[in-house]
Amino acid sequence: RLRLPSMSKALDTRPLLPTVRAGSSRALARGWLWMGVLALIGSGVLAIVLVLSRTPGIAQVFPLKDLFRAALVVHVDLSVLIWFMAFASLVWSLVTVDRWVAVGKLSIALAGLGTLLLAMSPFMPGAQPLLNNYVPVLQHPVFLAGLAMCGVGFGLTILRTLVWAWPGHAGVAATASRLHLGIYASALAGALAWGALLWSMATMPAIDGTAYYEILFWGGGHVLQFQHALLAAVAWWWLAKVLGAGWPVAERQATRWFAVAAWPLAAVPVMYLLWPASAPEHTTAFAKLMEWGHLLMVPVLAATVAALPGAWRAPSSPVRSALITSVLLFVTGGILAFMIRGVNVVVPAHYHGSIVGITLAMMGLAYVLLPQLGFGRATGRMARWQPWVYGGGQLMHILGLAWSGGYGVQRKVAGSAQVLVTVQERIGMGMMGLGGLIAVIGGVMFVWVCLVAMRSPAAPESGTIAR
(Lines give C-alpha, C1' and ligand atoms only; values in the text may rest on other atoms or scores of the structure.)
Protein backbone atom coordinates (compact mmCIF):
# COMPACT_ATOMS: atom_id res chain seq x y z
CA ARG A 1 0.00 0.00 0.00
CA LEU A 2 1.06 3.59 -0.45
CA ARG A 3 2.91 4.97 2.55
CA LEU A 4 3.49 8.69 2.47
CA PRO A 5 6.34 9.45 4.84
CA SER A 6 5.79 8.98 8.48
CA MET A 7 2.94 10.99 9.76
CA SER A 8 3.48 8.51 12.61
CA LYS A 9 1.14 7.43 15.32
CA ALA A 10 1.41 10.89 16.80
CA LEU A 11 -1.16 11.99 14.25
CA ASP A 12 -3.75 9.99 16.16
CA THR A 13 -3.83 12.76 18.73
CA ARG A 14 -3.77 15.63 16.23
CA PRO A 15 -6.80 17.75 15.37
CA LEU A 16 -8.42 17.18 12.01
CA LEU A 17 -8.13 20.79 10.82
CA PRO A 18 -4.91 22.70 10.12
CA THR A 19 -4.19 25.79 12.19
CA VAL A 20 -3.63 29.04 10.30
CA ARG A 21 -0.43 30.45 11.74
CA ALA A 22 0.46 34.13 11.77
CA GLY A 23 3.52 35.18 9.82
CA SER A 24 4.76 34.35 6.35
CA SER A 25 2.41 31.39 5.85
CA ARG A 26 -0.65 33.55 6.33
CA ALA A 27 0.77 36.42 4.27
CA LEU A 28 1.46 34.11 1.32
CA ALA A 29 -1.99 32.53 1.63
CA ARG A 30 -3.57 36.00 1.51
CA GLY A 31 -1.67 36.75 -1.70
CA TRP A 32 -2.83 33.54 -3.34
CA LEU A 33 -6.45 34.24 -2.39
CA TRP A 34 -6.26 37.68 -3.98
CA MET A 35 -4.84 36.18 -7.14
CA GLY A 36 -7.51 33.49 -7.30
CA VAL A 37 -10.34 35.98 -6.88
CA LEU A 38 -8.91 38.25 -9.58
CA ALA A 39 -8.62 35.26 -11.94
CA LEU A 40 -12.31 34.51 -11.34
CA ILE A 41 -13.18 38.11 -12.19
CA GLY A 42 -11.44 37.78 -15.55
CA SER A 43 -13.04 34.39 -16.14
CA GLY A 44 -16.49 35.76 -15.33
CA VAL A 45 -16.18 38.55 -17.87
CA LEU A 46 -15.29 36.03 -20.56
CA ALA A 47 -18.08 33.68 -19.41
CA ILE A 48 -20.65 36.31 -20.35
CA VAL A 49 -19.29 36.34 -23.90
CA LEU A 50 -19.44 32.53 -24.03
CA VAL A 51 -23.00 32.20 -22.78
CA LEU A 52 -24.35 34.92 -25.06
CA SER A 53 -22.60 33.44 -28.09
CA ARG A 54 -24.37 30.09 -27.65
CA THR A 55 -27.83 31.22 -26.53
CA PRO A 56 -30.47 30.98 -29.32
CA GLY A 57 -31.73 34.40 -30.40
CA ILE A 58 -28.94 36.39 -28.74
CA ALA A 59 -26.17 34.71 -30.73
CA GLN A 60 -27.75 35.93 -34.00
CA VAL A 61 -27.91 39.56 -32.83
CA PHE A 62 -24.42 40.12 -31.44
CA PRO A 63 -21.36 39.29 -33.58
CA LEU A 64 -19.62 37.25 -30.87
CA LYS A 65 -18.85 34.09 -32.80
CA ASP A 66 -15.36 35.21 -33.86
CA LEU A 67 -14.40 35.93 -30.25
CA PHE A 68 -16.03 32.76 -28.90
CA ARG A 69 -13.10 30.40 -29.31
CA ALA A 70 -10.46 32.80 -27.99
CA ALA A 71 -12.69 33.68 -25.03
CA LEU A 72 -13.37 29.98 -24.40
CA VAL A 73 -9.65 29.20 -24.22
CA VAL A 74 -8.84 31.86 -21.63
CA HIS A 75 -12.10 31.38 -19.71
CA VAL A 76 -11.22 27.71 -19.17
CA ASP A 77 -7.64 28.48 -18.23
CA LEU A 78 -8.59 31.20 -15.73
CA SER A 79 -11.55 29.43 -14.13
CA VAL A 80 -9.99 25.98 -13.92
CA LEU A 81 -6.20 26.05 -14.18
CA ILE A 82 -5.41 29.41 -12.53
CA TRP A 83 -8.21 29.46 -9.93
CA PHE A 84 -7.61 25.87 -8.87
CA MET A 85 -3.83 26.26 -8.76
CA ALA A 86 -4.04 29.55 -6.85
CA PHE A 87 -6.34 28.01 -4.26
CA ALA A 88 -4.15 24.91 -4.04
CA SER A 89 -1.18 27.19 -3.43
CA LEU A 90 -3.16 28.94 -0.69
CA VAL A 91 -3.82 25.64 1.10
CA TRP A 92 -0.24 24.45 0.63
CA SER A 93 1.05 27.72 2.10
CA LEU A 94 -0.94 27.12 5.27
CA VAL A 95 0.84 23.84 6.04
CA THR A 96 4.35 24.89 4.96
CA VAL A 97 6.84 26.13 7.55
CA ASP A 98 8.23 29.65 7.19
CA ARG A 99 11.20 28.78 4.99
CA TRP A 100 12.03 29.90 1.45
CA VAL A 101 9.65 32.81 1.91
CA ALA A 102 11.32 34.72 -0.94
CA VAL A 103 10.55 31.76 -3.23
CA GLY A 104 6.93 31.93 -2.13
CA LYS A 105 6.74 35.63 -2.93
CA LEU A 106 8.40 35.11 -6.30
CA SER A 107 5.84 32.38 -7.06
CA ILE A 108 2.95 34.79 -6.50
CA ALA A 109 4.60 37.53 -8.54
CA LEU A 110 5.28 35.26 -11.53
CA ALA A 111 1.86 33.60 -11.46
CA GLY A 112 0.11 36.94 -10.99
CA LEU A 113 1.86 38.60 -13.93
CA GLY A 114 1.27 35.51 -16.05
CA THR A 115 -2.44 35.57 -15.20
CA LEU A 116 -2.67 39.20 -16.29
CA LEU A 117 -1.11 38.33 -19.65
CA LEU A 118 -3.54 35.43 -20.09
CA ALA A 119 -6.52 37.70 -19.42
CA MET A 120 -5.31 40.20 -22.04
CA SER A 121 -4.50 37.66 -24.72
CA PRO A 122 -7.99 37.04 -26.27
CA PHE A 123 -8.11 40.64 -27.38
CA MET A 124 -4.71 40.55 -29.07
CA PRO A 125 -4.78 40.65 -32.89
CA GLY A 126 -3.88 37.40 -34.57
CA ALA A 127 -4.48 35.18 -31.51
CA GLN A 128 -5.30 31.74 -32.88
CA PRO A 129 -7.31 29.51 -30.51
CA LEU A 130 -6.45 25.83 -30.22
CA LEU A 131 -9.15 23.90 -28.36
CA ASN A 132 -7.01 21.03 -27.13
CA ASN A 133 -7.94 19.31 -23.88
CA TYR A 134 -6.90 20.31 -20.34
CA VAL A 135 -4.95 23.51 -21.09
CA PRO A 136 -6.38 25.05 -24.28
CA VAL A 137 -3.98 27.44 -25.94
CA LEU A 138 -3.94 30.68 -27.90
CA GLN A 139 -1.10 30.73 -30.39
CA HIS A 140 0.13 34.19 -29.53
CA PRO A 141 3.33 35.32 -27.76
CA VAL A 142 1.41 37.14 -25.01
CA PHE A 143 -0.61 34.04 -24.10
CA LEU A 144 2.35 31.67 -24.27
CA ALA A 145 4.50 33.99 -22.15
CA GLY A 146 1.73 34.27 -19.57
CA LEU A 147 1.21 30.51 -19.46
CA ALA A 148 4.94 29.88 -19.02
CA MET A 149 5.17 32.41 -16.18
CA CYS A 150 2.20 30.82 -14.43
CA GLY A 151 3.75 27.38 -14.83
CA VAL A 152 7.04 28.47 -13.29
CA GLY A 153 5.25 30.31 -10.47
CA PHE A 154 3.10 27.35 -9.52
CA GLY A 155 6.03 24.98 -9.97
CA LEU A 156 8.07 26.96 -7.44
CA THR A 157 5.33 26.87 -4.83
CA ILE A 158 4.94 23.10 -5.34
CA LEU A 159 8.69 22.70 -4.82
CA ARG A 160 8.55 24.82 -1.66
CA THR A 161 5.66 22.71 -0.35
CA LEU A 162 7.40 19.40 -1.05
CA VAL A 163 10.53 20.52 0.82
CA TRP A 164 9.04 22.46 3.74
CA ALA A 165 5.69 20.74 4.30
CA TRP A 166 7.37 17.33 4.40
CA PRO A 167 5.58 15.36 7.15
CA GLY A 168 8.85 14.21 8.69
CA HIS A 169 10.13 17.77 9.16
CA ALA A 170 10.25 18.76 12.83
CA GLY A 171 8.52 22.09 12.28
CA VAL A 172 5.73 20.40 10.34
CA ALA A 173 5.30 17.56 12.85
CA ALA A 174 4.72 20.08 15.63
CA THR A 175 1.74 21.64 13.88
CA ALA A 176 0.44 18.89 11.57
CA SER A 177 -3.24 18.02 11.43
CA ARG A 178 -4.82 14.84 10.17
CA LEU A 179 -5.76 16.60 6.94
CA HIS A 180 -2.06 17.21 6.32
CA LEU A 181 -1.87 13.83 4.60
CA GLY A 182 -4.49 14.80 2.00
CA ILE A 183 -2.95 18.23 1.47
CA TYR A 184 0.56 16.88 1.02
CA ALA A 185 -0.71 14.14 -1.31
CA SER A 186 -2.25 16.84 -3.50
CA ALA A 187 1.12 18.62 -3.67
CA LEU A 188 2.76 15.34 -4.71
CA ALA A 189 0.14 15.05 -7.46
CA GLY A 190 0.97 18.60 -8.57
CA ALA A 191 4.67 17.76 -8.72
CA LEU A 192 3.94 14.62 -10.71
CA ALA A 193 1.83 16.65 -13.15
CA TRP A 194 4.77 19.03 -13.64
CA GLY A 195 7.10 16.09 -14.19
CA ALA A 196 4.68 14.55 -16.71
CA LEU A 197 4.57 17.84 -18.62
CA LEU A 198 8.37 18.06 -18.82
CA TRP A 199 8.62 14.38 -19.78
CA SER A 200 6.11 14.86 -22.59
CA MET A 201 7.89 18.00 -23.76
CA ALA A 202 11.23 16.19 -23.90
CA THR A 203 9.84 13.34 -26.01
CA MET A 204 7.44 15.22 -28.28
CA PRO A 205 7.44 14.47 -32.00
CA ALA A 206 7.96 17.30 -34.51
CA ILE A 207 4.33 18.40 -34.96
CA ASP A 208 2.50 21.71 -34.72
CA GLY A 209 -0.85 23.14 -33.75
CA THR A 210 -3.60 21.48 -31.73
CA ALA A 211 -2.07 18.00 -31.97
CA TYR A 212 1.14 19.22 -30.30
CA TYR A 213 -0.62 20.72 -27.28
CA GLU A 214 -3.07 17.82 -27.05
CA ILE A 215 -0.17 15.41 -26.57
CA LEU A 216 1.85 17.84 -24.44
CA PHE A 217 -0.85 18.36 -21.80
CA TRP A 218 -2.54 14.94 -21.97
CA GLY A 219 -0.54 13.13 -19.30
CA GLY A 220 -0.01 16.08 -16.95
CA GLY A 221 -3.61 17.21 -17.35
CA HIS A 222 -4.92 13.83 -16.25
CA VAL A 223 -2.61 13.84 -13.23
CA LEU A 224 -3.70 17.36 -12.31
CA GLN A 225 -7.29 16.12 -11.95
CA PHE A 226 -6.16 13.95 -9.05
CA GLN A 227 -4.67 17.01 -7.37
CA HIS A 228 -7.94 18.91 -7.74
CA ALA A 229 -10.03 15.97 -6.52
CA LEU A 230 -7.83 15.45 -3.46
CA LEU A 231 -8.11 19.13 -2.54
CA ALA A 232 -11.87 19.01 -3.01
CA ALA A 233 -12.03 16.07 -0.60
CA VAL A 234 -9.88 17.98 1.89
CA ALA A 235 -12.23 20.94 1.57
CA TRP A 236 -15.34 18.76 2.07
CA TRP A 237 -13.97 17.30 5.30
CA TRP A 238 -12.85 20.73 6.46
CA LEU A 239 -16.31 22.20 5.85
CA ALA A 240 -18.09 19.23 7.44
CA LYS A 241 -15.94 19.53 10.56
CA VAL A 242 -16.61 23.26 10.82
CA LEU A 243 -20.35 22.52 10.60
CA GLY A 244 -20.08 19.92 13.34
CA ALA A 245 -21.06 17.03 11.06
CA GLY A 246 -19.62 13.63 11.94
CA TRP A 247 -18.48 10.49 10.13
CA PRO A 248 -19.41 6.86 10.73
CA VAL A 249 -15.72 5.96 11.20
CA ALA A 250 -12.89 7.29 13.35
CA GLU A 251 -11.10 10.33 11.91
CA ARG A 252 -7.67 8.77 12.30
CA GLN A 253 -8.77 5.82 10.18
CA ALA A 254 -10.69 7.80 7.58
CA THR A 255 -7.88 10.24 6.81
CA ARG A 256 -5.79 7.33 5.54
CA TRP A 257 -8.23 7.10 2.65
CA PHE A 258 -6.50 10.12 1.15
CA ALA A 259 -3.47 7.90 0.57
CA VAL A 260 -5.75 5.33 -1.06
CA ALA A 261 -7.17 8.03 -3.36
CA ALA A 262 -3.63 9.06 -4.38
CA TRP A 263 -2.39 5.51 -4.97
CA PRO A 264 -3.27 5.36 -8.74
CA LEU A 265 -0.67 8.07 -9.39
CA ALA A 266 2.05 5.47 -8.82
CA ALA A 267 1.19 4.17 -12.30
CA VAL A 268 2.11 7.44 -14.03
CA PRO A 269 5.92 6.93 -14.28
CA VAL A 270 5.33 3.35 -15.40
CA MET A 271 3.08 4.51 -18.25
CA TYR A 272 5.66 7.05 -19.41
CA LEU A 273 8.36 4.37 -19.34
CA LEU A 274 6.23 1.95 -21.36
CA TRP A 275 4.91 4.34 -24.03
CA PRO A 276 6.11 7.68 -25.42
CA ALA A 277 3.72 10.60 -25.10
CA SER A 278 2.73 10.39 -28.78
CA ALA A 279 1.82 6.69 -28.70
CA PRO A 280 -1.87 5.70 -28.89
CA GLU A 281 -1.29 3.36 -25.95
CA HIS A 282 -0.16 6.36 -23.88
CA THR A 283 -3.41 8.18 -24.62
CA THR A 284 -5.52 5.14 -23.82
CA ALA A 285 -3.63 4.39 -20.60
CA PHE A 286 -4.26 7.84 -19.16
CA ALA A 287 -7.92 7.71 -20.15
CA LYS A 288 -8.20 4.43 -18.26
CA LEU A 289 -6.32 5.91 -15.30
CA MET A 290 -8.95 8.63 -15.12
CA GLU A 291 -11.83 6.21 -15.59
CA TRP A 292 -10.77 3.66 -12.99
CA GLY A 293 -8.31 5.49 -10.77
CA HIS A 294 -10.84 7.95 -9.40
CA LEU A 295 -12.95 5.05 -8.14
CA LEU A 296 -10.48 4.86 -5.25
CA MET A 297 -11.92 8.19 -4.10
CA VAL A 298 -15.20 6.43 -3.31
CA PRO A 299 -14.33 5.89 0.39
CA VAL A 300 -13.53 9.60 0.85
CA LEU A 301 -16.65 10.63 -1.05
CA ALA A 302 -18.80 8.11 0.84
CA ALA A 303 -17.62 9.52 4.17
CA THR A 304 -18.50 13.00 2.94
CA VAL A 305 -21.98 11.89 1.87
CA ALA A 306 -22.45 10.21 5.26
CA ALA A 307 -21.71 13.56 6.92
CA LEU A 308 -24.28 15.46 4.82
CA PRO A 309 -27.29 14.77 7.10
CA GLY A 310 -25.40 16.38 9.97
CA ALA A 311 -24.44 19.30 7.73
CA TRP A 312 -28.08 19.68 6.61
CA ARG A 313 -29.20 19.98 10.25
CA ALA A 314 -26.65 22.74 10.91
CA PRO A 315 -27.90 26.34 10.92
CA SER A 316 -28.01 28.05 7.54
CA SER A 317 -24.63 29.50 6.59
CA PRO A 318 -22.42 30.04 3.52
CA VAL A 319 -20.35 27.01 4.56
CA ARG A 320 -23.40 24.73 4.77
CA SER A 321 -24.67 25.93 1.37
CA ALA A 322 -21.27 25.39 -0.25
CA LEU A 323 -20.78 21.86 1.09
CA ILE A 324 -24.20 20.60 0.01
CA THR A 325 -24.13 22.14 -3.47
CA SER A 326 -20.52 21.05 -4.03
CA VAL A 327 -21.25 17.38 -3.39
CA LEU A 328 -24.47 17.58 -5.46
CA LEU A 329 -22.69 19.00 -8.51
CA PHE A 330 -19.68 16.70 -8.19
CA VAL A 331 -21.85 13.59 -8.01
CA THR A 332 -24.01 14.81 -10.92
CA GLY A 333 -20.89 15.28 -13.03
CA GLY A 334 -19.75 11.77 -12.16
CA ILE A 335 -23.09 10.27 -13.17
CA LEU A 336 -23.05 12.14 -16.49
CA ALA A 337 -19.63 10.61 -17.24
CA PHE A 338 -21.36 7.27 -17.73
CA MET A 339 -23.78 8.83 -20.24
CA ILE A 340 -21.14 10.04 -22.71
CA ARG A 341 -21.69 8.61 -26.18
CA GLY A 342 -19.53 10.26 -28.83
CA VAL A 343 -18.23 13.83 -29.08
CA ASN A 344 -21.16 16.06 -28.09
CA VAL A 345 -22.13 18.47 -25.31
CA VAL A 346 -22.63 15.66 -22.79
CA VAL A 347 -18.82 15.79 -22.45
CA PRO A 348 -18.74 19.40 -21.16
CA ALA A 349 -21.85 18.63 -19.08
CA HIS A 350 -19.83 15.94 -17.29
CA TYR A 351 -16.71 17.97 -16.66
CA HIS A 352 -18.62 21.14 -15.80
CA GLY A 353 -20.40 19.20 -13.06
CA SER A 354 -17.17 17.85 -11.62
CA ILE A 355 -15.30 21.14 -11.98
CA VAL A 356 -18.10 23.20 -10.46
CA GLY A 357 -18.33 20.73 -7.57
CA ILE A 358 -14.64 21.33 -6.87
CA THR A 359 -15.06 25.09 -7.31
CA LEU A 360 -17.90 25.21 -4.79
CA ALA A 361 -15.80 23.26 -2.29
CA MET A 362 -13.04 25.84 -2.66
CA MET A 363 -15.53 28.70 -2.38
CA GLY A 364 -16.84 27.25 0.87
CA LEU A 365 -13.32 26.83 2.23
CA ALA A 366 -12.57 30.42 1.24
CA TYR A 367 -15.50 31.52 3.41
CA VAL A 368 -14.05 29.55 6.33
CA LEU A 369 -10.52 30.92 5.86
CA LEU A 370 -11.33 34.60 5.29
CA PRO A 371 -11.36 35.57 9.00
CA GLN A 372 -8.45 33.25 9.77
CA LEU A 373 -6.39 35.05 7.13
CA GLY A 374 -7.07 38.40 8.76
CA PHE A 375 -10.00 39.47 6.57
CA GLY A 376 -13.60 40.11 7.53
CA ARG A 377 -16.26 37.40 7.63
CA ALA A 378 -18.47 36.37 4.72
CA THR A 379 -21.83 37.28 6.24
CA GLY A 380 -25.34 38.12 5.19
CA ARG A 381 -28.01 36.76 2.92
CA MET A 382 -25.93 37.12 -0.24
CA ALA A 383 -23.17 34.92 1.16
CA ARG A 384 -25.69 32.27 2.24
CA TRP A 385 -27.44 32.23 -1.13
CA GLN A 386 -24.36 32.51 -3.34
CA PRO A 387 -23.57 28.74 -3.48
CA TRP A 388 -27.22 27.95 -4.24
CA VAL A 389 -27.39 30.52 -7.05
CA TYR A 390 -24.06 29.47 -8.55
CA GLY A 391 -24.65 25.76 -8.05
CA GLY A 392 -28.28 25.92 -9.18
CA GLY A 393 -27.40 27.83 -12.31
CA GLN A 394 -24.60 25.41 -13.12
CA LEU A 395 -26.94 22.45 -12.52
CA MET A 396 -29.41 23.91 -15.02
CA HIS A 397 -26.50 24.61 -17.38
CA ILE A 398 -25.15 21.05 -17.37
CA LEU A 399 -28.59 19.43 -17.52
CA GLY A 400 -29.34 21.57 -20.58
CA LEU A 401 -26.08 20.43 -22.15
CA ALA A 402 -26.82 16.80 -21.29
CA TRP A 403 -30.31 17.10 -22.80
CA SER A 404 -28.93 18.64 -26.00
CA GLY A 405 -26.12 16.10 -26.18
CA GLY A 406 -28.71 13.37 -26.27
CA TYR A 407 -29.88 14.91 -29.56
CA GLY A 408 -26.33 15.12 -30.93
CA VAL A 409 -25.49 18.81 -30.45
CA GLN A 410 -21.72 19.10 -30.89
CA ARG A 411 -19.28 20.62 -28.39
CA LYS A 412 -16.92 23.58 -28.95
CA VAL A 413 -19.18 25.31 -31.48
CA ALA A 414 -21.32 28.45 -31.22
CA GLY A 415 -24.06 30.40 -32.97
CA SER A 416 -25.45 28.94 -36.20
CA ALA A 417 -22.64 26.36 -36.27
CA GLN A 418 -24.52 24.47 -33.57
CA VAL A 419 -27.20 23.54 -36.16
CA LEU A 420 -30.11 23.48 -33.71
CA VAL A 421 -32.86 21.87 -35.78
CA THR A 422 -35.43 20.41 -33.40
CA VAL A 423 -37.45 22.10 -30.66
CA GLN A 424 -35.84 19.76 -28.13
CA GLU A 425 -32.36 20.93 -29.12
CA ARG A 426 -33.38 24.56 -28.79
CA ILE A 427 -34.98 23.94 -25.39
CA GLY A 428 -31.87 22.19 -24.14
CA MET A 429 -29.47 24.89 -25.31
CA GLY A 430 -31.84 27.62 -24.10
CA MET A 431 -31.80 25.94 -20.69
CA MET A 432 -28.02 25.84 -20.94
CA GLY A 433 -27.90 29.57 -21.67
CA LEU A 434 -30.27 30.56 -18.85
CA GLY A 435 -28.44 28.35 -16.36
CA GLY A 436 -25.12 29.76 -17.50
CA LEU A 437 -26.30 33.32 -16.95
CA ILE A 438 -27.60 32.44 -13.48
CA ALA A 439 -24.25 30.79 -12.71
CA VAL A 440 -22.43 33.93 -13.83
CA ILE A 441 -24.54 35.89 -11.35
CA GLY A 442 -23.58 33.37 -8.65
CA GLY A 443 -19.91 33.76 -9.57
CA VAL A 444 -20.20 37.54 -9.37
CA MET A 445 -21.85 37.15 -5.96
CA PHE A 446 -18.88 35.09 -4.71
CA VAL A 447 -16.37 37.63 -5.93
CA TRP A 448 -18.40 40.47 -4.39
CA VAL A 449 -18.74 38.70 -1.02
CA CYS A 450 -15.00 38.01 -0.97
CA LEU A 451 -14.04 41.54 -1.98
CA VAL A 452 -16.28 43.04 0.70
CA ALA A 453 -14.81 40.71 3.34
CA MET A 454 -11.25 41.27 2.13
CA ARG A 455 -11.69 45.02 2.42
CA SER A 456 -13.31 44.81 5.86
CA PRO A 457 -11.55 44.93 9.24
CA ALA A 458 -10.27 41.61 10.49
CA ALA A 459 -12.96 39.59 12.25
CA PRO A 460 -12.32 38.39 15.79
CA GLU A 461 -11.70 34.65 16.04
CA SER A 462 -14.55 32.54 17.33
CA GLY A 463 -15.96 29.08 16.95
CA THR A 464 -19.15 30.25 15.29
CA ILE A 465 -19.98 30.21 11.62
CA ALA A 466 -21.02 33.39 9.86
CA ARG A 467 -24.72 33.41 9.04
# chains A, B, ... in the order shown; residues from 1 in each chain; ligands from 1
call {"tool": "closest_atom_pairs", "arguments": {"of": "segment 217-313 of chain A", "to": "segment 12-21 of chain A", "cutoff": "10 Å", "atoms": "only C-alpha atoms", "output": "CSV"}}
result
residue,atom,partner,partner_atom,distance
A:Val234,CA,A:Leu17,CA,9.5
A:Trp237,CA,A:Leu16,CA,8.7
A:Trp238,CA,A:Leu17,CA,6.4
A:Leu239,CA,A:Leu17,CA,9.7
A:Lys241,CA,A:Leu17,CA,7.9
A:Val242,CA,A:Leu17,CA,8.8
A:Ala250,CA,A:Asp12,CA,9.9
A:Glu251,CA,A:Leu16,CA,7.4
A:Arg252,CA,A:Asp12,CA,5.6
A:Gln253,CA,A:Asp12,CA,8.8
A:Thr255,CA,A:Leu16,CA,8.7
call {"tool": "closest_atom_pairs", "arguments": {"of": "segment 261-350 of chain A", "to": "segment 176-193 of chain A", "cutoff": "10 Å", "atoms": "only C-alpha atoms", "output": "tab-separated table"}}
result
residue	atom	partner	partner_atom	distance
A:Ala261	CA	A:Gly182	CA	9.0
A:Ala262	CA	A:Ala185	CA	6.6
A:Trp263	CA	A:Ala185	CA	9.5
A:Leu265	CA	A:Ala189	CA	7.3
A:Ala266	CA	A:Leu192	CA	9.5
A:Val268	CA	A:Leu192	CA	8.1
A:Pro269	CA	A:Leu192	CA	8.7
call {"tool": "atom_distance", "arguments": {"atom1": "atom CA of Ala22 of chain A", "atom2": "atom CA of Arg99 of chain A"}}
result
13.8 Å
call {"tool": "closest_atom_pairs", "arguments": {"of": "segment 43-136 of chain A", "to": "segment 208-230 of chain A", "cutoff": "9 Å", "atoms": "only C-alpha atoms", "output": "JSON lines"}}
result
{"residue": "A:Phe84", "atom": "CA", "partner": "A:His228", "partner_atom": "CA", "distance": 7.1}
{"residue": "A:Met85", "atom": "CA", "partner": "A:His228", "partner_atom": "CA", "distance": 8.5}
{"residue": "A:Ala88", "atom": "CA", "partner": "A:His228", "partner_atom": "CA", "distance": 8.0}
{"residue": "A:Pro129", "atom": "CA", "partner": "A:Thr210", "partner_atom": "CA", "distance": 8.9}
{"residue": "A:Leu130", "atom": "CA", "partner": "A:Thr210", "partner_atom": "CA", "distance": 5.4}
{"residue": "A:Leu131", "atom": "CA", "partner": "A:Thr210", "partner_atom": "CA", "distance": 6.9}
{"residue": "A:Asn132", "atom": "CA", "partner": "A:Glu214", "partner_atom": "CA", "distance": 5.1}
{"residue": "A:Asn133", "atom": "CA", "partner": "A:Glu214", "partner_atom": "CA", "distance": 6.0}
{"residue": "A:Tyr134", "atom": "CA", "partner": "A:Gly221", "partner_atom": "CA", "distance": 5.4}
{"residue": "A:Val135", "atom": "CA", "partner": "A:Phe217", "partner_atom": "CA", "distance": 6.6}
{"residue": "A:Pro136", "atom": "CA", "partner": "A:Tyr213", "partner_atom": "CA", "distance": 7.8}
call {"tool": "write_last_selection", "arguments": {"atoms": "N, CA and C atoms", "output": "tab-separated table (two decimals), in the first residue's frame"}}
result
chain	number	residue	atom	x	y	z
A	84	PHE	N	-7.90	27.07	-9.65
A	84	PHE	CA	-7.61	25.87	-8.87
A	84	PHE	C	-6.18	25.88	-8.35
A	85	MET	N	-5.22	26.26	-9.19
A	85	MET	CA	-3.83	26.26	-8.76
A	85	MET	C	-3.57	27.34	-7.72
A	88	ALA	N	-5.03	25.97	-4.54
A	88	ALA	CA	-4.15	24.91	-4.04
A	88	ALA	C	-2.92	25.52	-3.37
A	129	PRO	N	-6.93	30.46	-31.56
A	129	PRO	CA	-7.31	29.51	-30.51
A	129	PRO	C	-7.13	28.07	-30.93
A	130	LEU	N	-6.58	27.27	-30.02
A	130	LEU	CA	-6.45	25.83	-30.22
A	130	LEU	C	-7.19	25.15	-29.08
A	131	LEU	N	-8.28	24.46	-29.40
A	131	LEU	CA	-9.15	23.90	-28.36
A	131	LEU	C	-8.74	22.48	-27.99
A	132	ASN	N	-7.47	22.31	-27.64
A	132	ASN	CA	-7.01	21.03	-27.13
A	132	ASN	C	-7.51	20.84	-25.70
A	133	ASN	N	-7.44	19.62	-25.21
A	133	ASN	CA	-7.94	19.31	-23.88
A	133	ASN	C	-7.00	19.80	-22.78
A	134	TYR	N	-7.57	19.99	-21.60
A	134	TYR	CA	-6.90	20.31	-20.34
A	134	TYR	C	-6.37	21.74	-20.26
A	135	VAL	N	-5.44	22.12	-21.10
A	135	VAL	CA	-4.95	23.51	-21.09
A	135	VAL	C	-5.05	24.04	-22.51
A	136	PRO	N	-6.25	24.50	-22.93
A	136	PRO	CA	-6.38	25.05	-24.28
A	136	PRO	C	-5.46	26.25	-24.45
call {"tool": "residues_around", "arguments": {"residues": "segment 322-325 of chain A", "least_positions_apart": "2", "cutoff": "6 Å", "atoms": "only C-alpha atoms", "output": "list in words"}}
result
Val319, Arg320, Val327, Leu328, Leu360, Gly364, Pro387 and Gly391 of chain A
call {"tool": "residues_around", "arguments": {"residues": "Ser43 of chain A", "least_positions_apart": "5", "cutoff": "12 Å", "atoms": "only C-alpha atoms", "output": "ChimeraX atom specification"}}
result
/A:36-38,48-50,71-83,115-116,118-120,122,440,443-444,447
call {"tool": "select_by_dssp", "arguments": {"residues": "segment 293-405 of chain A", "states": "alpha helix (DSSP H)", "output": "ChimeraX atom specification"}}
result
/A:293,298-313,318-337,346-372,381-405
call {"tool": "closest_residue", "arguments": {"among": "A:Gly42, A:Gly376, A:Gly442, A:Gly435", "to": "Tyr390 of chain A", "atoms": "only C-alpha atoms"}}
result
A:Gly442
call {"tool": "closest_residue", "arguments": {"among": "A:Trp199, A:Trp100, A:Phe143, A:Trp388", "to": "Leu162 of chain A", "atoms": "only C-alpha atoms"}}
result
A:Trp100
call {"tool": "closest_residue", "arguments": {"among": "A:Leu138, A:Ala349, A:Ala109, A:Met362", "to": "Val91 of chain A", "atoms": "only C-alpha atoms"}}
result
A:Met362
call {"tool": "residues_around", "arguments": {"residues": "Gly380 of chain A", "least_positions_apart": "2", "cutoff": "10 Å", "atoms": "only C-alpha atoms", "output": "PyMOL selection string"}}
result
chain A and resi 317-318+377-378+382-385+449+466-467
call {"tool": "write_last_selection", "arguments": {"atoms": "N, CA and C atoms", "output": "CSV table (one decimal), in the first residue's frame"}}
result
chain,number,residue,atom,x,y,z
A,317,SER,N,-25.9,28.7,6.7
A,317,SER,CA,-24.6,29.5,6.6
A,317,SER,C,-24.0,29.3,5.2
A,318,PRO,N,-23.1,30.2,4.8
A,318,PRO,CA,-22.4,30.0,3.5
A,318,PRO,C,-21.7,28.7,3.4
A,377,ARG,N,-15.5,38.6,7.8
A,377,ARG,CA,-16.3,37.4,7.6
A,377,ARG,C,-17.2,37.5,6.4
A,378,ALA,N,-17.5,36.4,5.8
A,378,ALA,CA,-18.5,36.4,4.7
A,378,ALA,C,-19.8,36.2,5.4
A,382,MET,N,-26.6,37.4,1.0
A,382,MET,CA,-25.9,37.1,-0.2
A,382,MET,C,-24.9,36.0,-0.1
A,383,ALA,N,-24.2,36.0,1.0
A,383,ALA,CA,-23.2,34.9,1.2
A,383,ALA,C,-23.9,33.6,1.3
A,384,ARG,N,-25.0,33.5,2.0
A,384,ARG,CA,-25.7,32.3,2.2
A,384,ARG,C,-26.3,31.7,0.9
A,385,TRP,N,-26.8,32.6,0.1
A,385,TRP,CA,-27.4,32.2,-1.1
A,385,TRP,C,-26.5,32.0,-2.3
A,449,VAL,N,-18.8,39.0,-2.4
A,449,VAL,CA,-18.7,38.7,-1.0
A,449,VAL,C,-17.3,38.7,-0.5
A,466,ALA,N,-20.3,32.2,10.3
A,466,ALA,CA,-21.0,33.4,9.9
A,466,ALA,C,-22.3,33.0,9.2
A,467,ARG,N,-23.4,33.7,9.6
A,467,ARG,CA,-24.7,33.4,9.0
A,467,ARG,C,-25.2,34.6,8.2
